[in-house]
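Pasting data-v1.cif here (mmCIF, C-alpha atoms and all ligand atoms):
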```
data_run
loop_
_atom_site.label_atom_id
_atom_site.label_comp_id
_atom_site.auth_asym_id
_atom_site.auth_seq_id
_atom_site.Cartn_x
_atom_site.Cartn_y
_atom_site.Cartn_z
CA MET A 28 -10.49 4.50 18.50
CA GLY A 29 -8.84 6.62 21.18
CA LEU A 30 -10.25 4.36 23.93
CA PRO A 31 -8.14 2.85 26.74
CA THR A 32 -7.11 -0.79 26.29
CA THR A 33 -9.35 -1.66 29.24
CA ALA A 34 -12.30 -0.94 26.90
CA VAL A 35 -11.48 -3.96 24.70
CA GLY A 36 -13.97 -6.22 26.56
CA ALA A 37 -16.74 -3.65 26.27
CA VAL A 38 -16.06 -3.19 22.55
CA ALA A 39 -16.16 -6.96 21.93
CA LYS A 40 -19.40 -7.30 23.92
CA ALA A 41 -21.07 -4.41 22.13
CA ILE A 42 -20.15 -5.79 18.70
CA VAL A 43 -21.54 -9.23 19.52
CA GLN A 44 -24.72 -7.88 21.08
CA ALA A 45 -25.49 -5.00 18.79
CA ARG A 46 -28.32 -5.39 16.33
CA ARG A 47 -26.64 -5.38 12.96
CA PRO A 48 -27.10 -1.85 11.63
CA SER A 49 -28.29 -1.44 8.07
CA VAL A 50 -25.68 0.06 5.74
CA ILE A 51 -26.42 1.57 2.35
CA TRP A 52 -23.32 2.07 0.21
CA LEU A 53 -23.48 4.30 -2.86
CA HIS A 54 -20.99 4.45 -5.76
CA PHE A 55 -20.53 7.60 -7.82
CA GLN A 56 -17.47 9.10 -9.58
CA GLU A 57 -14.63 6.79 -8.53
CA CYS A 58 -12.62 3.70 -9.42
CA THR A 59 -14.04 1.29 -6.79
CA GLY A 60 -10.62 1.22 -5.11
CA CYS A 61 -12.22 1.96 -1.72
CA THR A 62 -14.35 -1.18 -1.99
CA GLU A 63 -11.41 -3.15 -3.38
CA SER A 64 -9.24 -2.23 -0.40
CA LEU A 65 -12.05 -3.13 2.02
CA LEU A 66 -12.34 -6.53 0.30
CA ARG A 67 -8.74 -7.19 1.29
CA ALA A 68 -9.13 -6.37 4.99
CA GLU A 69 -8.65 -9.32 7.32
CA HIS A 70 -9.55 -7.99 10.78
CA PRO A 71 -12.44 -8.43 10.24
CA THR A 72 -12.75 -9.91 6.77
CA VAL A 73 -15.33 -8.32 4.52
CA GLU A 74 -17.60 -11.39 4.80
CA LYS A 75 -17.47 -11.17 8.61
CA LEU A 76 -18.26 -7.49 8.31
CA ILE A 77 -21.21 -7.80 5.96
CA LEU A 78 -22.65 -11.05 7.35
CA ASP A 79 -22.04 -10.74 11.12
CA LEU A 80 -21.48 -7.10 12.02
CA ILE A 81 -23.58 -5.01 9.67
CA SER A 82 -26.42 -5.64 7.28
CA LEU A 83 -25.16 -4.41 3.93
CA ASP A 84 -28.46 -3.76 2.23
CA TYR A 85 -27.26 -1.97 -0.89
CA HIS A 86 -23.83 -2.05 -2.54
CA GLU A 87 -23.65 -2.10 -6.32
CA THR A 88 -20.37 -4.06 -6.43
CA LEU A 89 -21.14 -6.66 -3.77
CA MET A 90 -24.89 -7.26 -3.97
CA ALA A 91 -26.37 -10.10 -5.95
CA ALA A 92 -29.44 -8.12 -6.99
CA ALA A 93 -29.45 -5.94 -10.12
CA GLY A 94 -31.64 -3.38 -11.85
CA HIS A 95 -35.09 -2.64 -10.37
CA GLN A 96 -34.67 -5.39 -7.76
CA ALA A 97 -31.57 -3.62 -6.38
CA GLU A 98 -33.27 -0.21 -6.24
CA GLU A 99 -36.26 -1.79 -4.47
CA ALA A 100 -33.94 -3.35 -1.86
CA ARG A 101 -32.43 0.08 -1.19
CA LYS A 102 -35.81 1.77 -0.79
CA ALA A 103 -37.11 -1.04 1.47
CA ALA A 104 -34.00 -0.87 3.71
CA MET A 105 -34.31 2.91 3.99
CA LYS A 106 -37.98 2.65 4.97
CA GLU A 107 -37.49 -0.18 7.49
CA ASN A 108 -34.47 1.44 9.16
CA ALA A 109 -35.40 5.12 8.87
CA GLY A 110 -33.26 7.20 11.23
CA LYS A 111 -31.01 4.23 12.04
CA TYR A 112 -29.06 3.21 8.94
CA VAL A 113 -25.52 4.24 8.04
CA LEU A 114 -25.02 5.78 4.61
CA VAL A 115 -21.58 5.24 3.06
CA VAL A 116 -20.76 7.22 -0.07
CA GLU A 117 -17.86 6.26 -2.33
CA GLY A 118 -16.98 8.71 -5.10
CA ALA A 119 -17.44 12.38 -5.90
CA ILE A 120 -20.75 13.84 -7.03
CA PRO A 121 -20.93 15.67 -10.37
CA THR A 122 -22.93 18.87 -10.05
CA LYS A 123 -22.51 20.54 -13.47
CA ASP A 124 -25.24 20.54 -16.13
CA GLY A 125 -27.96 19.34 -13.78
CA GLY A 126 -25.84 16.44 -12.54
CA VAL A 127 -26.17 14.46 -15.81
CA TYR A 128 -22.63 13.02 -15.62
CA CYS A 129 -23.54 10.31 -13.12
CA LYS A 130 -26.93 8.62 -12.95
CA VAL A 131 -28.05 5.35 -11.33
CA GLY A 132 -31.42 3.90 -12.34
CA GLY A 133 -32.24 7.22 -14.06
CA GLN A 134 -31.62 9.25 -10.87
CA THR A 135 -28.75 11.75 -10.65
CA ALA A 136 -26.07 11.21 -8.01
CA VAL A 137 -27.05 14.56 -6.43
CA ASP A 138 -30.67 13.47 -5.98
CA MET A 139 -29.74 9.97 -4.85
CA VAL A 140 -27.32 11.11 -2.14
CA LYS A 141 -29.84 13.66 -0.85
CA GLU A 142 -32.60 11.06 -0.78
CA CYS A 143 -30.46 8.45 1.01
CA ALA A 144 -28.98 10.92 3.52
CA ALA A 145 -32.35 12.33 4.62
CA ASP A 146 -33.10 9.50 7.08
CA ALA A 147 -29.55 8.25 7.75
CA ALA A 148 -28.24 8.09 11.33
CA ALA A 149 -24.72 8.79 10.07
CA VAL A 150 -23.10 9.62 6.74
CA ILE A 151 -19.57 8.40 5.97
CA ALA A 152 -17.70 9.65 2.90
CA ILE A 153 -15.17 6.95 2.07
CA GLY A 154 -12.13 7.85 -0.05
CA SER A 155 -10.72 11.16 -1.21
CA CYS A 156 -13.28 11.46 -4.05
CA ALA A 157 -16.21 11.52 -1.61
CA SER A 158 -14.28 13.44 1.09
CA TRP A 159 -12.97 16.36 -0.95
CA GLY A 160 -13.48 15.63 -4.66
CA GLY A 161 -10.31 13.58 -5.19
CA MET A 162 -9.16 12.65 -8.66
CA PRO A 163 -12.45 13.45 -10.50
CA SER A 164 -12.26 17.04 -9.20
CA THR A 165 -8.79 17.63 -10.64
CA PHE A 166 -8.48 20.87 -12.63
CA PRO A 167 -10.36 21.78 -14.81
CA ASN A 168 -13.00 19.56 -13.17
CA PRO A 169 -15.30 19.34 -16.23
CA THR A 170 -18.14 17.59 -14.40
CA GLY A 171 -18.16 19.83 -11.31
CA ALA A 172 -17.17 16.84 -9.14
CA SER A 173 -17.95 17.76 -5.52
CA PRO A 174 -17.51 16.19 -2.09
CA VAL A 175 -20.52 14.72 -0.27
CA GLN A 176 -20.30 17.44 2.39
CA ALA A 177 -20.94 20.12 -0.26
CA ILE A 178 -24.26 18.49 -1.21
CA LEU A 179 -25.69 17.72 2.24
CA GLN A 180 -26.80 19.94 5.11
CA LYS A 181 -25.79 17.39 7.78
CA PRO A 182 -22.44 16.29 9.28
CA VAL A 183 -20.35 13.91 7.19
CA VAL A 184 -17.43 11.79 8.45
CA ASN A 185 -14.63 11.98 5.89
CA ILE A 186 -12.22 9.06 5.50
CA PRO A 187 -9.89 10.28 2.74
CA GLY A 188 -7.22 8.29 0.93
CA CYS A 189 -7.06 6.93 -2.59
CA PRO A 190 -7.80 4.29 -1.60
CA PRO A 191 -8.33 4.94 2.10
CA ASN A 192 -7.00 2.48 4.63
CA PRO A 193 -9.89 0.04 5.28
CA TYR A 194 -9.09 -0.02 9.01
CA ASN A 195 -9.84 3.66 9.37
CA PHE A 196 -13.29 2.92 7.95
CA LEU A 197 -13.78 -0.25 10.00
CA THR A 198 -12.70 1.48 13.22
CA THR A 199 -15.22 4.25 12.58
CA VAL A 200 -17.96 1.66 12.05
CA VAL A 201 -16.94 -0.27 15.19
CA HIS A 202 -16.94 2.97 17.20
CA PHE A 203 -20.48 3.63 16.01
CA LEU A 204 -21.56 0.06 16.82
CA THR A 205 -20.01 0.15 20.29
CA LEU A 206 -20.79 3.61 21.55
CA GLY A 207 -23.58 4.73 19.26
CA THR A 208 -21.56 7.83 18.41
CA LEU A 209 -18.99 8.76 15.81
CA PRO A 210 -15.33 9.28 16.73
CA ASP A 211 -13.89 12.75 17.39
CA LEU A 212 -13.41 14.61 14.13
CA ASP A 213 -10.99 17.35 13.08
CA ASP A 214 -12.03 20.57 11.31
CA LYS A 215 -12.13 18.69 7.98
CA GLY A 216 -14.51 16.03 9.32
CA ARG A 217 -11.76 13.37 9.57
CA PRO A 218 -11.50 11.00 12.58
CA LYS A 219 -8.69 12.33 14.75
CA PHE A 220 -7.46 8.81 15.60
CA ALA A 221 -6.44 8.38 11.96
CA TYR A 222 -5.65 11.86 10.64
CA GLY A 223 -4.30 13.61 13.74
CA ARG A 224 -0.61 13.43 12.78
CA LEU A 225 1.52 14.16 9.75
CA ILE A 226 2.96 11.12 7.98
CA HIS A 227 6.36 12.77 8.43
CA GLU A 228 5.96 12.57 12.23
CA ASN A 229 5.80 8.77 12.24
CA CYS A 230 7.82 7.84 9.18
CA GLU A 231 10.50 5.17 9.59
CA ARG A 232 12.79 7.24 7.31
CA ARG A 233 12.51 10.33 9.50
CA ALA A 234 15.95 9.89 11.08
CA HIS A 235 17.45 10.13 7.59
CA PHE A 236 15.52 13.36 6.93
CA ASP A 237 16.80 14.88 10.17
CA ALA A 238 20.35 13.80 9.38
CA GLY A 239 20.15 15.19 5.82
CA ARG A 240 20.41 11.81 4.05
CA PHE A 241 18.22 11.76 0.94
CA ALA A 242 17.55 9.59 -2.11
CA LEU A 243 18.10 11.88 -5.09
CA GLU A 244 17.05 9.52 -7.87
CA PHE A 245 15.12 6.26 -7.99
CA GLY A 246 17.67 3.45 -7.75
CA ASP A 247 20.59 5.59 -6.58
CA GLU A 248 22.66 4.62 -3.54
CA GLY A 249 20.51 6.67 -1.13
CA HIS A 250 17.35 5.07 -2.50
CA ARG A 251 18.80 1.57 -2.14
CA LYS A 252 19.86 2.35 1.43
CA GLY A 253 16.36 3.48 2.40
CA TYR A 254 17.14 7.17 2.83
CA CYS A 255 14.45 9.86 3.06
CA LEU A 256 12.35 10.41 -0.10
CA TYR A 257 11.73 14.14 0.47
CA LYS A 258 13.82 15.19 -2.53
CA LEU A 259 11.88 12.76 -4.75
CA GLY A 260 8.72 14.69 -3.85
CA CYS A 261 7.49 12.91 -0.72
CA LYS A 262 4.45 14.79 0.62
CA GLY A 263 4.67 13.21 4.08
CA PRO A 264 5.60 16.58 5.64
CA GLU A 265 2.24 18.10 4.60
CA THR A 266 -0.07 15.08 4.63
CA TYR A 267 -2.12 13.94 7.62
CA ALA A 268 -2.67 10.15 7.79
CA ASN A 269 -1.66 7.09 9.80
CA CYS A 270 -0.15 5.04 6.92
CA PRO A 271 3.25 4.58 8.67
CA GLN A 272 1.51 3.38 11.83
CA ILE A 273 -0.99 0.83 10.52
CA TYR A 274 0.40 -0.03 7.05
CA PHE A 275 -1.64 -1.37 4.14
CA GLY A 276 -2.81 -4.77 3.03
CA ASP A 277 -2.31 -6.82 6.20
CA ALA A 278 1.13 -7.90 5.01
CA GLY A 279 2.98 -6.33 7.94
CA VAL A 280 5.88 -3.91 8.10
CA GLY A 281 7.07 -2.46 4.80
CA THR A 282 3.65 -2.26 3.20
CA TRP A 283 2.90 1.40 2.80
CA PRO A 284 4.03 3.65 -0.06
CA VAL A 285 7.16 5.16 1.54
CA ALA A 286 8.34 1.80 2.93
CA CYS A 287 8.01 0.38 -0.60
CA GLY A 288 10.36 3.10 -1.87
CA HIS A 289 7.86 5.52 -3.43
CA PRO A 290 7.28 9.03 -2.11
CA CYS A 291 3.90 9.68 -0.52
CA ILE A 292 1.80 11.60 -3.08
CA GLY A 293 -0.49 13.06 -0.40
CA CYS A 294 -3.48 11.03 -1.56
CA THR A 295 -5.46 11.86 1.60
CA GLU A 296 -4.93 15.60 1.49
CA GLN A 297 -6.95 18.16 -0.46
CA GLY A 298 -4.70 20.53 -2.42
CA ILE A 299 -1.81 18.01 -2.36
CA GLY A 300 -2.88 14.68 -3.91
CA PHE A 301 -3.77 14.97 -7.64
CA THR A 302 -2.98 18.68 -7.43
CA LYS A 303 0.72 19.15 -6.68
CA PRO A 304 3.07 17.48 -9.16
CA ILE A 305 4.20 14.12 -7.75
CA HIS A 306 7.87 15.09 -7.64
CA ALA A 307 7.44 18.71 -6.46
CA LEU A 308 8.92 19.40 -3.02
CA ALA A 309 6.50 19.35 -0.09
CA ASP A 310 5.98 22.32 2.21
CA LEU A 311 7.41 21.60 5.64
CA VAL A 312 4.28 22.16 7.72
CA THR A 313 5.90 21.69 11.12
CA VAL A 314 8.62 24.11 12.16
CA SER A 315 9.75 22.34 15.31
CA PRO A 316 12.02 20.46 15.77
CA PRO A 317 13.24 20.78 12.13
CA THR A 318 14.13 24.44 12.89
CA LEU A 319 17.15 23.02 14.67
CA PHE A 320 18.39 21.18 11.60
CA ALA A 321 19.82 22.31 8.31
CA ARG A 322 17.00 22.91 5.86
CA PRO A 323 17.03 20.34 3.08
CA ALA A 324 15.64 22.71 0.45
CA GLU A 325 17.59 25.80 1.47
CA GLU A 326 17.94 28.18 -1.41
CA ARG A 327 21.45 29.32 -2.00
CA GLY A 328 22.39 32.54 -0.20
CA GLN A 329 19.20 32.71 1.90
CA GLY A 330 18.94 32.00 5.59
CA SER A 331 22.08 29.91 5.70
CA THR A 332 23.43 31.80 8.73
CA LEU A 333 20.37 30.92 10.77
CA ALA A 334 20.18 27.30 9.60
CA THR A 335 23.87 26.67 10.12
CA ALA A 336 23.94 28.28 13.57
CA ALA A 337 20.84 26.34 14.61
CA THR A 338 22.50 23.09 13.53
CA VAL A 339 25.61 23.97 15.52
CA ALA A 340 23.43 24.70 18.55
CA ALA A 341 21.73 21.33 18.18
CA THR A 342 24.93 19.35 17.72
CA ALA A 343 26.51 21.11 20.69
CA GLY A 344 23.89 19.32 22.76
CA LEU A 345 21.96 22.40 23.86
CA ALA A 346 18.47 21.82 25.19
CA ALA A 347 15.80 22.38 22.55
CA GLY A 348 14.47 25.47 24.31
CA VAL A 349 17.89 27.10 24.38
CA GLY A 350 18.48 26.17 20.75
CA MET A 351 15.18 27.77 19.78
CA LYS A 352 16.04 30.93 21.74
CA ILE A 353 19.40 31.24 20.02
CA ALA A 354 17.72 30.66 16.67
CA SER A 355 15.12 33.34 17.33
CA ASN A 356 17.76 35.83 18.49
CA LEU A 357 19.78 35.10 15.41
CA GLY A 358 16.66 35.80 13.38
CA LYS A 359 16.37 39.20 15.02
CA ARG A 360 19.99 40.01 14.36
CA ASP A 361 19.54 38.99 10.75
CA LYS A 362 16.64 41.42 10.51
CA GLU A 363 18.73 44.22 12.03
CA GLU A 364 21.45 43.47 9.55
CA LEU A 365 18.91 43.61 6.75
CA ASP A 366 17.60 46.98 8.04
CA ASP A 367 21.17 48.28 8.18
CA GLU A 368 21.73 47.09 4.66
CA LYS A 369 18.58 48.88 3.51
CA LYS A 370 19.72 52.11 5.21
CA THR A 371 23.19 51.97 3.77
CA GLY A 372 21.95 50.67 0.41
CA ALA A 373 24.47 47.81 0.62
FE1 LIG B 1 -10.85 4.96 -6.25
FE2 LIG B 1 -12.70 5.18 -4.12
FE3 LIG B 1 -9.49 6.69 -5.14
FE4 LIG B 1 -11.77 7.62 -5.19
O1 LIG B 1 -11.18 5.16 -3.39
S1 LIG B 1 -9.09 4.50 -4.93
S2 LIG B 1 -10.59 7.03 -7.11
S3 LIG B 1 -10.48 7.85 -3.47
O2 LIG B 1 -13.39 6.87 -4.45
O3 LIG B 1 -12.51 4.18 -5.60
FE1 LIG B 2 9.41 9.95 5.47
FE2 LIG B 2 8.73 11.42 3.42
FE3 LIG B 2 9.20 12.59 5.77
FE4 LIG B 2 11.21 11.55 4.35
S1 LIG B 2 9.90 13.31 3.77
S2 LIG B 2 10.87 11.30 6.54
S3 LIG B 2 10.26 9.76 3.40
S4 LIG B 2 7.55 11.19 5.30
FE1 LIG B 3 -1.60 8.04 0.42
FE2 LIG B 3 0.70 8.99 1.20
FE3 LIG B 3 -0.54 7.22 2.66
S1 LIG B 3 0.12 8.51 -0.88
S2 LIG B 3 -1.55 5.96 1.14
S3 LIG B 3 -1.24 9.29 2.21
S4 LIG B 3 1.65 7.33 2.30
#
```
Let me see the file written as C-alpha cells.
Amino acid sequence: MGLPTTAVGAVAKAIVQARRPSVIWLHFQECTGCTESLLRAEHPTVEKLILDLISLDYHETLMAAAGHQAEEARKAAMKENAGKYVLVVEGAIPTKDGGVYCKVGGQTAVDMVKECAADAAAVIAIGSCASWGGMPSTFPNPTGASPVQAILQKPVVNIPGCPPNPYNFLTTVVHFLTLGTLPDLDDKGRPKFAYGRLIHENCERRAHFDAGRFALEFGDEGHRKGYCLYKLGCKGPETYANCPQIYFGDAGVGTWPVACGHPCIGCTEQGIGFTKPIHALADLVTVSPPTLFARPAEERGQGSTLATAATVAATAGLAAGVGMKIASNLGKRDKEELDDEKKTGA
C-alpha cells in the first residue's frame, strides 16, 4: 500500500470498524479467471472478504440469486448505497454494432457499465480485459472490445493481468476501506505499489541475464539450470508488474510464471500480452545498468565496439558513472568514425 509498517495497527482498526462497503461486480467479455484467482486468495480468503469486509451485492458467478431476482438485487444495492458503492468490472466491453455482442438481462454491457458507474464512489477495472481490452481486443477485434476507461467519463483504477494477482486487487480495496481514498496511480491508472517496476528489475533470474547465461530451448541445460528466459521470449524487460515480489497462488517461492520455467508473456501490459508473439524478443526498456553489459541480442557487426568496451569497463571495476562516461565517449567516437566513413565513402 506504500504505507509505513507503523500504519499496520491503523489499517487493522479501520478494517474492523469500517461499515462494509457495497460492491457491485460486473462480468463482460472475459474468461472469469479474475474471479477464479480471487477465489484462491488466502489473506483474506474470499469468504472473509465477501462476508466480513465488503458486502458483495451483485456478482454473477458468486451470488445465489438468478434472473430477475439478481437484477433487482443490483438495482436495490445501487439505490441504497448511491455515491458510496464500489463498482468492479471484469472483462472488456464490446462497442461494435450497438454493443450487441454482450448483453445481460437484455441490457448491453455499454449501457450496464454506464448505469452502474453513475453513482459509484470508485470504479475498479480488474484484469487486462477491463483495463486495456486484453485478449478479446486482439487484432482484428471483431466485437470492438474496449476497456472500461474508454466508456466512462470518470477515473478508473486499472488492475491488469490475465488473471491479475488477487492481492493487488485486495490491497486496493483495503486502501479504500482504510483511508477512504484510492492508492496512487500511474499514467495508465494502475496502482503504483503494484505496477511501479519492471518484472526484469526484481526477477530472481536477473543475475543470469546480466552474466549472459540464457536458456535457448525448453529443457536444454540452461533451462534446467534456471538461466534467464530472455531468449525464449520473456517479456519481463518491458512489463510492469510485481509478480516476482508477491508470487501467485499462496504457495510461496517459485510460484510465478518465470520461476516455473516459462517466459513472462507480458499479460499485464497493453501492446505486449496477446499482441507480441510469445517467443519474440522483448525490447529492453531500461538502458541502465544493462548499458554496461554485453547486449544479449546484439546484431552481428553492429555496436560491438561499444558493447565490448563497456563490458571491459565494468569488469575492470570502474564506478558506474565512469563506465557510463567512457561508453558515451565511445559512442561519440563511433559517430565520428561513421561521419569519416561517409565522407570517404568507405
Ligand atoms: Fe480471464 Fe478476467 Fe484474463 Fe480477462 O482475468 S484471466 S481473460 S484478464 O478478464 O477473466
Ligand atoms: Fe527474468 Fe525474464 Fe528478465 Fe530473464 S528476461 S531476468 S527471465 S524477467
Ligand atoms: Fe503475467 Fe508476466 Fe506476471 S505473464 S503473471 S506479467 S510474469
Contacts of Phe301 (chain A) at 9 Å (only C-alpha atoms; same-chain gap of 2+ positions) as a PyMOL selection string
chain A and resi 161-162+164-165+292-294+297-299+303-305
Find, counting all atoms listed in the file, the residue in A:Ala286, A:Val140, A:Ala91, A:Ala157 that gets nearest to ligand LIG 2 (chain B).
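With all atoms listed in the file as the atom set, the closest residue is A:Ala286.
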Show me which residues line ligand LIG 3 (chain B), defined as having an atom within 6 Å of a ligand atom where all atoms listed in the file count, and present them as a PDB file with C-alpha atoms, in the frame of the given file.
```pdb
ATOM      1  CA  GLY A 188      -7.220   8.290   0.930  1.00  0.00           C
ATOM      2  CA  ALA A 268      -2.670  10.150   7.790  1.00  0.00           C
ATOM      3  CA  CYS A 270      -0.150   5.040   6.920  1.00  0.00           C
ATOM      4  CA  PRO A 284       4.030   3.650  -0.060  1.00  0.00           C
ATOM      5  CA  VAL A 285       7.160   5.160   1.540  1.00  0.00           C
ATOM      6  CA  CYS A 291       3.900   9.680  -0.520  1.00  0.00           C
ATOM      7  CA  ILE A 292       1.800  11.600  -3.080  1.00  0.00           C
ATOM      8  CA  GLY A 293      -0.490  13.060  -0.400  1.00  0.00           C
ATOM      9  CA  CYS A 294      -3.480  11.030  -1.560  1.00  0.00           C
ATOM     10  CA  THR A 295      -5.460  11.860   1.600  1.00  0.00           C
TER      11      THR A 295
END
```
Against ligand LIG 2 (chain B), which residues of chain A fall within 8 Å? For each one I want the closest pair of atoms and the distance in Å (one decimal), counting only C-alpha atoms and all ligand atoms, rows by chain and increasing residue number, as JSON lines.
```
{"residue": "A:Ile226", "atom": "CA", "partner": "B:LIG2", "partner_atom": "S4", "distance": 5.3}
{"residue": "A:His227", "atom": "CA", "partner": "B:LIG2", "partner_atom": "S4", "distance": 3.7}
{"residue": "A:Glu228", "atom": "CA", "partner": "B:LIG2", "partner_atom": "FE3", "distance": 7.2}
{"residue": "A:Asn229", "atom": "CA", "partner": "B:LIG2", "partner_atom": "S4", "distance": 7.6}
{"residue": "A:Cys230", "atom": "CA", "partner": "B:LIG2", "partner_atom": "FE1", "distance": 4.6}
{"residue": "A:Glu231", "atom": "CA", "partner": "B:LIG2", "partner_atom": "FE1", "distance": 6.4}
{"residue": "A:Arg232", "atom": "CA", "partner": "B:LIG2", "partner_atom": "S2", "distance": 4.6}
{"residue": "A:Arg233", "atom": "CA", "partner": "B:LIG2", "partner_atom": "S2", "distance": 3.5}
{"residue": "A:Ala234", "atom": "CA", "partner": "B:LIG2", "partner_atom": "S2", "distance": 7.0}
{"residue": "A:His235", "atom": "CA", "partner": "B:LIG2", "partner_atom": "S2", "distance": 6.8}
{"residue": "A:Phe236", "atom": "CA", "partner": "B:LIG2", "partner_atom": "S2", "distance": 5.1}
{"residue": "A:Asp237", "atom": "CA", "partner": "B:LIG2", "partner_atom": "S2", "distance": 7.8}
{"residue": "A:Phe241", "atom": "CA", "partner": "B:LIG2", "partner_atom": "FE4", "distance": 7.8}
{"residue": "A:Tyr254", "atom": "CA", "partner": "B:LIG2", "partner_atom": "S3", "distance": 7.4}
{"residue": "A:Cys255", "atom": "CA", "partner": "B:LIG2", "partner_atom": "FE4", "distance": 3.9}
{"residue": "A:Leu256", "atom": "CA", "partner": "B:LIG2", "partner_atom": "S3", "distance": 4.1}
{"residue": "A:Tyr257", "atom": "CA", "partner": "B:LIG2", "partner_atom": "S1", "distance": 3.9}
{"residue": "A:Lys258", "atom": "CA", "partner": "B:LIG2", "partner_atom": "S1", "distance": 7.7}
{"residue": "A:Gly260", "atom": "CA", "partner": "B:LIG2", "partner_atom": "S1", "distance": 7.8}
{"residue": "A:Cys261", "atom": "CA", "partner": "B:LIG2", "partner_atom": "FE2", "distance": 4.6}
{"residue": "A:Lys262", "atom": "CA", "partner": "B:LIG2", "partner_atom": "FE2", "distance": 6.1}
{"residue": "A:Gly263", "atom": "CA", "partner": "B:LIG2", "partner_atom": "S4", "distance": 3.7}
{"residue": "A:Pro264", "atom": "CA", "partner": "B:LIG2", "partner_atom": "FE3", "distance": 5.4}
{"residue": "A:Val285", "atom": "CA", "partner": "B:LIG2", "partner_atom": "S3", "distance": 5.9}
{"residue": "A:Pro290", "atom": "CA", "partner": "B:LIG2", "partner_atom": "FE2", "distance": 6.2}
{"residue": "A:Cys291", "atom": "CA", "partner": "B:LIG2", "partner_atom": "FE2", "distance": 6.5}
{"residue": "A:Ala309", "atom": "CA", "partner": "B:LIG2", "partner_atom": "S1", "distance": 7.9}
```
May I ask for the distance between CA of Met105 (chain A) and CA of Leu80 (chain A), given in Å to one decimal place?
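Going from CA of Met105 (chain A) over to CA of Leu80 (chain A) covers 18.1 Å.
Atom pair CA of Asn269 (chain A) / atom S2 of ligand LIG 1 (chain B) has a distance of 19.1 Å (rounded to one decimal).
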Mind listing the residues within 12 Å of ligand LIG 1 (chain B), only C-alpha atoms and all ligand atoms counted, as a ChimeraX atom specification?
/A:52-65,88,115-120,152-165,172-175,185-193,196,293-297,300-301
Would you export the selected residues with C-alpha atoms as a short mmCIF file (atom, residue, chain, number, x, y, z; two decimals), in the coordinates of the input, please?
```
data_model
loop_
_atom_site.label_atom_id
_atom_site.label_comp_id
_atom_site.auth_asym_id
_atom_site.auth_seq_id
_atom_site.Cartn_x
_atom_site.Cartn_y
_atom_site.Cartn_z
CA TRP A 52 -23.32 2.07 0.21
CA LEU A 53 -23.48 4.30 -2.86
CA HIS A 54 -20.99 4.45 -5.76
CA PHE A 55 -20.53 7.60 -7.82
CA GLN A 56 -17.47 9.10 -9.58
CA GLU A 57 -14.63 6.79 -8.53
CA CYS A 58 -12.62 3.70 -9.42
CA THR A 59 -14.04 1.29 -6.79
CA GLY A 60 -10.62 1.22 -5.11
CA CYS A 61 -12.22 1.96 -1.72
CA THR A 62 -14.35 -1.18 -1.99
CA GLU A 63 -11.41 -3.15 -3.38
CA SER A 64 -9.24 -2.23 -0.40
CA LEU A 65 -12.05 -3.13 2.02
CA THR A 88 -20.37 -4.06 -6.43
CA VAL A 115 -21.58 5.24 3.06
CA VAL A 116 -20.76 7.22 -0.07
CA GLU A 117 -17.86 6.26 -2.33
CA GLY A 118 -16.98 8.71 -5.10
CA ALA A 119 -17.44 12.38 -5.90
CA ILE A 120 -20.75 13.84 -7.03
CA ALA A 152 -17.70 9.65 2.90
CA ILE A 153 -15.17 6.95 2.07
CA GLY A 154 -12.13 7.85 -0.05
CA SER A 155 -10.72 11.16 -1.21
CA CYS A 156 -13.28 11.46 -4.05
CA ALA A 157 -16.21 11.52 -1.61
CA SER A 158 -14.28 13.44 1.09
CA TRP A 159 -12.97 16.36 -0.95
CA GLY A 160 -13.48 15.63 -4.66
CA GLY A 161 -10.31 13.58 -5.19
CA MET A 162 -9.16 12.65 -8.66
CA PRO A 163 -12.45 13.45 -10.50
CA SER A 164 -12.26 17.04 -9.20
CA THR A 165 -8.79 17.63 -10.64
CA ALA A 172 -17.17 16.84 -9.14
CA SER A 173 -17.95 17.76 -5.52
CA PRO A 174 -17.51 16.19 -2.09
CA VAL A 175 -20.52 14.72 -0.27
CA ASN A 185 -14.63 11.98 5.89
CA ILE A 186 -12.22 9.06 5.50
CA PRO A 187 -9.89 10.28 2.74
CA GLY A 188 -7.22 8.29 0.93
CA CYS A 189 -7.06 6.93 -2.59
CA PRO A 190 -7.80 4.29 -1.60
CA PRO A 191 -8.33 4.94 2.10
CA ASN A 192 -7.00 2.48 4.63
CA PRO A 193 -9.89 0.04 5.28
CA PHE A 196 -13.29 2.92 7.95
CA GLY A 293 -0.49 13.06 -0.40
CA CYS A 294 -3.48 11.03 -1.56
CA THR A 295 -5.46 11.86 1.60
CA GLU A 296 -4.93 15.60 1.49
CA GLN A 297 -6.95 18.16 -0.46
CA GLY A 300 -2.88 14.68 -3.91
CA PHE A 301 -3.77 14.97 -7.64
#
```
For region 149-155 of chain A, supply N, CA and C atoms and report the output as a compact mmCIF listing (two decimals), in the frame of the given file.
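Written output follows (result_20.txt):
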```txt
# COMPACT_ATOMS: atom_id res chain seq x y z
N ALA A 149 -26.07 8.26 10.25
CA ALA A 149 -24.72 8.79 10.07
C ALA A 149 -24.36 8.69 8.60
N VAL A 150 -23.56 9.64 8.13
CA VAL A 150 -23.10 9.62 6.74
C VAL A 150 -21.58 9.55 6.74
N ILE A 151 -21.03 8.55 6.06
CA ILE A 151 -19.57 8.40 5.97
C ILE A 151 -19.17 8.55 4.51
N ALA A 152 -18.26 9.49 4.25
CA ALA A 152 -17.70 9.65 2.90
C ALA A 152 -16.41 8.86 2.87
N ILE A 153 -16.38 7.78 2.10
CA ILE A 153 -15.17 6.95 2.07
C ILE A 153 -14.33 7.29 0.83
N GLY A 154 -13.04 7.52 1.06
CA GLY A 154 -12.13 7.85 -0.05
C GLY A 154 -12.01 9.34 -0.27
N SER A 155 -10.95 9.73 -0.96
CA SER A 155 -10.72 11.16 -1.21
C SER A 155 -11.76 11.75 -2.15
```
